[in-house]
Amino acid sequence: MKSNGFRFPDLPPRLKNLGDLATNLWFSWHSDAVRLFESLDPHLWKILNENPVRMLREVDVQRLKDVSENPDYLAEYDRVIKAFNSYMRNKNTWFAQHFPEFPDKTVAYFSMEFGIHECLPVYSGGLGMLAGDHLKSSSDLGIPMVAMGILYRESYFNQQIASNGFQQSQYVRNDFDRLPVRLVRNGDNEPVTVRVEVDNREIGVRIWRAQVGRVPLYLLDTDYHENTPEDRKITERLYVGDRDYRLMQEMVLGMGGVRVLKALGIKPSIWHLNEGHCSLLVAERMRDKLKKDGNIMDAQARVRSSTVFTTHTPVPAGNEVFVRSRIEAHLKNLWEALKITDQEFMSLGQNRWNPDPNSFNMTILALKSSVMSNAVSKLHRKVSQKMWSNLWPELPPDRIPISSITNGVHIRTWMAMDMKQLLDRYLGADWRYHQHEPEYWKEKIDSIPDKDIWITHEHLKQILRRDVRLRIQAQMERNGEPPEIISNISRLLDQDALTIGFARRFAQYKRGTLLFRDRERLKRLVNNPDRPVQIIFAGKAHPADQPGKALIQQIYQESRNPDFQSRIVFVENYDMGIARNLVAGVDVWLNTPRRPMEASGTSGMKAACNGAINLSVLDGWWRECYNGENGWAIGEDREYDNEWEQDEADYHSLLRLLEEQVVPMYYDRPETKLPCRWIERMKASMKTAIPQFNTHRMIEEYMESLYLPVLKKKKTKKDNPAS
Ligand SMILES: *Cc1c(COP(=O)(O)O)cnc(C)c1O
């Protein structure tokens with residue numbers, strides 16, 4: 001679909017391709033494309049949450065006219081548009097070069113959330129970020145992919161911290177017309193819809209399309225006139241608490257998603273389930289296959305042969321389980337269509353060796369229906385194999401068929417513009433094509449002079465400091481704080497102080513308050529006049545998670561306590577935009593999960609690729625990256641039976657590291673005024689994290705170990721019909 005005048009009526013003809021850029025999320029990982037929008041009106045760009053569709057509609061018309069006659073702007077515009085067009089038209093991708101025998105195959109990637117950019121608020125946290133980065137790298141590498149998700153009427157909540165530190169959640173309603181999405185219409189310009197039967201009624205589903213580079217992302221929506229007010233709410237909120245709505249949401253995504261692809265004439269060769277929320281797609285596909293095969297076992301085997309599954313949850317309670325009565329209420333039609341009994345259907349989501357007759361587990365359905373499953377780090381693989389070992393009682397735990405593909409991040413999204421420019425200067429722009437070559441980085445990062453990497457880092461730190469101050473100021477003004485307190489903000493955050501970042505969901509196991517275990521010790525650490533330390537916290541707690549909200553309140557109150565004032569800050573409403581500034585601008589990225597609960601973690605990778613140094617528990621990805629020189633490891637590489645003992649040991653390890661290594665190294669400035677040993681560690685961090693923990697490497701692994709085996713089997717079947 002081409003850009004058109006009616007979406008952006010004020011766009012001068014000379015700039016008409018800005019409309020294409022605004023409706024393809026490609027802009028979000030190309031800093032020069034972002035700059036084209038931002039430079040129209042930097043202040044407005046911030047206010048609009050960097051939403052380019054709104055930007056082109058709401059920016060001053062005269063300003064658009066002016067830039068359309070400004071030679072500098074036009075030169076930059078022409079350059080970006082040329083790069084965009086050549087990206088979109090490129091036929092010689094990594095995939096095309098390596099797998100010319102599979103030109104017409106498609107991977108369908110299903111996920112409950114996608115974190116692509118903050119202007120498309122269909123994400124909550126890490127799972128969504130991973131899905132978003134999966135699509136971006138798939139697009140970059142030319143993997144033929146379509147993605148399926150849900151367009152939520154309300155953003156996953158806006159967090160506001162009241163003056164007593166209490167988290168308040170606001171759900172902001174989205175006007176889809178102002179998002180970078182487009183309603184999918186047929187040749188008669190009518191919206192394409194599909195139907196999903198729930199109970200004894202049918203629900204209409206509309207389809208929106210977002211474009212992530214070359215990858216289309218279809219987003220499903222029940223909130224339109226054809227449905228009853230109750231059914232319109234099915235796609236209202238991500239991770240809705242009401243279990244009935246949650247199940248209906250998963251039916252819309254899983255079953256509706258299969259029908260959408262059929263309605264659009266897309267025939268995937270591979271179906272990739274990102275976590276268990278979309279598992280019902282396998283049941284829907286079985287229904288289709290049954291029409292042809294007539295035999296449920298054959299149908300099941302055929303579906304299984306083209307389904308792959310990624311599990312992200314290291315605790316049994318984190319898996320998606322529904323009680324029997326709810327499944328019976330909503331899915332009766334499905335098992336009737338499958339010509340099986342209710343018990344047979346229930347058993348698809350149960351462990352047949354040890355069934356809980358009253359529950360249906362979406363992860364079990366996914367594991368049993370997939371030809372290959374993977375965990376998201378090596379340790380997480382072990383934990384998952386143990387967790388699901390009773391599904392395969394005949395196998396020893398290390399043979400349980402769950403492999404591991406460690407997560408990564410999309411470097412061009414998460415590396416700050418200044419750092420990308422520094423690499424351009426010393427490595428040449430083609431570093432982008434060497435992302436997964438450890439030898440390349442080992443050699444090239446050392447070619448950057450210490451002084452230049454430090455200047456870049458200091459500048460990123462300054463950007464962060466400015467951003468945090470503005471946000472805290474807005475928060476205080478909203479909370480009606482007295483002007484004399486607000487005026488103190490200009491002293492908040494010291495450019496020269498060691499700055500630690502901690503930003504993540506406030507769940508108990510992430511131990512966001514571990515540092516405060518001995519308050520006096522922390523006070524001494526941060527208030528040392530010669531070697532001060534400051535800590536920036538951010539993160540949301542699930543609105544129903546009271547203990548999580550209490551952690552936020554505790555940190556917020558400490559941040560206001562004179563003992564810690566201006567050394568500890570809490571920034572509200574953690575989202576992708578804040579995350580980008582935080583991971584790029586801190587000196588140290590702190591992560592304290594209670595091992596082995598952090599399946600992978602990705603924020604530490606984002607920090608590392610910007611030169612921040614990780615100080616983290618040996619869990620998830622960090623256990624694979626840490627080499628003794630590229631950061632610090634909290635605690636030991638071991639398990640505990642006792643949580644108290646574990647917390648105590650990790651706490652002491654953390655404080656000792658800070659007191660004896662991190663702080664002294666940061667402030668060790670020999671004659672050159674540069675912290676040479678620190679910079680060496682920054683470089684070691686970049687050298688190891690960039691080539692190993694990026695999504696290009698990850699997608700190649702998905703290709704090799706999940707997608708390719710499916711494609712090859714299909715091909716031999718076709719070539720040899722007798723088999
Ligand atoms: C990267 C990211 C996450 C996930 O980070 P973890 O390391 O898994 O905690 C969550 N939220 C946002 C906004 C992110 O950018």
# chains A, B, ... in the order shown; residues from 1 in each chain; ligands from 1
>>> residues_near_ligand(ligand="ligand 1", cutoff="9 Å", atoms="only C-alpha atoms and all ligand atoms", output="VMD selection string")
chain A and resid 115 118 123 to 130 409 414 503 to 505 510 539 574 to 580 583 591 598 to 606
>>> closest_atom_pairs(of="stretch 23-47 of chain A", to="stretch 52-65 of chain A", cutoff="9 Å", atoms="only C-alpha atoms", output="tab-separated table")
residue	atom	partner	partner_atom	distance
A:Thr23	CA	A:Val53	CA	6.8
A:Phe27	CA	A:Pro52	CA	9.0
A:Val34	CA	A:Pro52	CA	8.6
A:Phe37	CA	A:Pro52	CA	6.6
A:Glu38	CA	A:Met55	CA	8.6
A:Leu40	CA	A:Arg63	CA	6.9
A:Asp41	CA	A:Val59	CA	7.1
A:Leu44	CA	A:Met55	CA	7.5
A:Trp45	CA	A:Met55	CA	6.6
>>> residues_around(residues="stretch 449-458 of chain A", least_positions_apart="3", cutoff="7 Å", atoms="only C-alpha atoms", output="number ranges by chain")
A: 418-419, 461-462, 585, 679
>>> write_last_selection(atoms="C-alpha atoms", output="CSV table (one decimal), in the first residue's frame")
chain,number,residue,atom,x,y,z
A,418,ASP,CA,26.1,8.9,19.3
A,419,MET,CA,27.6,5.5,19.9
A,461,LYS,CA,25.2,10.5,30.4
A,462,GLN,CA,24.4,14.2,30.0
A,585,GLY,CA,23.6,6.9,29.8
A,679,ILE,CA,37.3,2.2,29.8
>>> residues_around(residues="stretch 371-383 of chain A", least_positions_apart="2", cutoff="7 Å", atoms="only C-alpha atoms", output="PyMOL selection string")
chain A and resi 304-312+314+367+369+385-387+401-407+599-600+620-621+706
>>> atom_distance(atom1="atom CA of A:Tyr426", atom2="atom CA of A:Lys442")
13.6 Å
